[in-house]
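Worksheet: one structure, shown below.
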Amino acid sequence: MAEKVARVGVSKEKGYLYYLGKDGNVWRSQMATGKQAGGNASKVADANVTRESGFLYFVDKDGDVARSQMARGRKK
């Protein structure tokens with residue numbers, strides 16, 4: 001289960017990938033489609049999140065920064 005780390009409230013637009021950058025802020029990049037190239041990263045919001053190892057950070061459906069513990073090893 002994911003836990004919210006920062007409440008940012010980013011409104012997502014279709015055709016963009018939203019992620020937490022190395023600086024701890026929310027960024028977005030245009031997704032590549034067919035002949036059109038992607039890229040052009042731009043900062044969307046200041047979250048100032050400090051990452052901890054062993055967690056996966058992402059922007060959830062509410063537009064907030066959340067984290068989930070990474071699955072390590074294999075389950076049999």
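Letters A, B, ... mark the chains of the structure tokens in the order given; residue numbers begin at 1 per chain; ligand numbers begin at 1, in order shown.
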
- Query: Leaving out range 29-44 of chain A and any residue of its chain fewer than 5 positions from it, which residues lie within 10 Å of it when counting only C-alpha atoms, given as a ChimeraX atom specification?
  - Reply: /A:8,10-21

Checklist line | Those in chain A with strand (DSSP E or B) from DSSP, as a PyMOL selection string | finding: chain A and resi 3-6+16-20+26-30+33+36+39-45+55-59+65-69

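CA of Thr50 in chain A to CA of Gly73 in chain A spans 24.9 Å [interatomic distance, one decimal].
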
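Shell of Arg7 in chain A at 10 Å, with only C-alpha atoms counted and residues fewer than 3 places along the chain excluded, is A:Lys4, A:Val10, A:Ala47, A:Val59, A:Asp62, A:Gly63, A:Asp64, A:Val65, A:Ala66.
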
Output file for the residues above (C-alpha atoms, as a PDB file, in the first residue's frame):
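So out33.pdb came out as:
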```pdb
ATOM      1  CA  LYS A   4       1.400  10.001   0.736  1.00  0.00           C
ATOM      2  CA  VAL A  10      -0.969  18.594  -9.520  1.00  0.00           C
ATOM      3  CA  ALA A  47       7.503  19.193  -3.381  1.00  0.00           C
ATOM      4  CA  VAL A  59       2.727  10.972  -8.493  1.00  0.00           C
ATOM      5  CA  ASP A  62      -4.789  12.755  -6.816  1.00  0.00           C
ATOM      6  CA  GLY A  63      -1.665  14.564  -8.051  1.00  0.00           C
ATOM      7  CA  ASP A  64       0.210  14.097  -4.770  1.00  0.00           C
ATOM      8  CA  VAL A  65       3.631  12.517  -4.205  1.00  0.00           C
ATOM      9  CA  ALA A  66       3.381   8.996  -2.775  1.00  0.00           C
TER      10      ALA A  66
END
```

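Residue nearest Gly24 in chain A within the list A:Met1, A:Ala6, A:Asp60, A:Phe55: A:Ala6 [criterion: smallest interatomic distance, only C-alpha atoms].
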
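Closest approach to Asp23 in chain A from the set A:Arg72, A:Lys61, A:Arg67, A:Arg51 is made by A:Arg51, with distances taken over only C-alpha atoms.
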
CA of Ala71 in chain A sits from CA of Gly9 in chain A at a separation of 27.1 Å

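Interatomic distance, CA of Met70 in chain A against CA of Ala45 in chain A: 24.7 Å.
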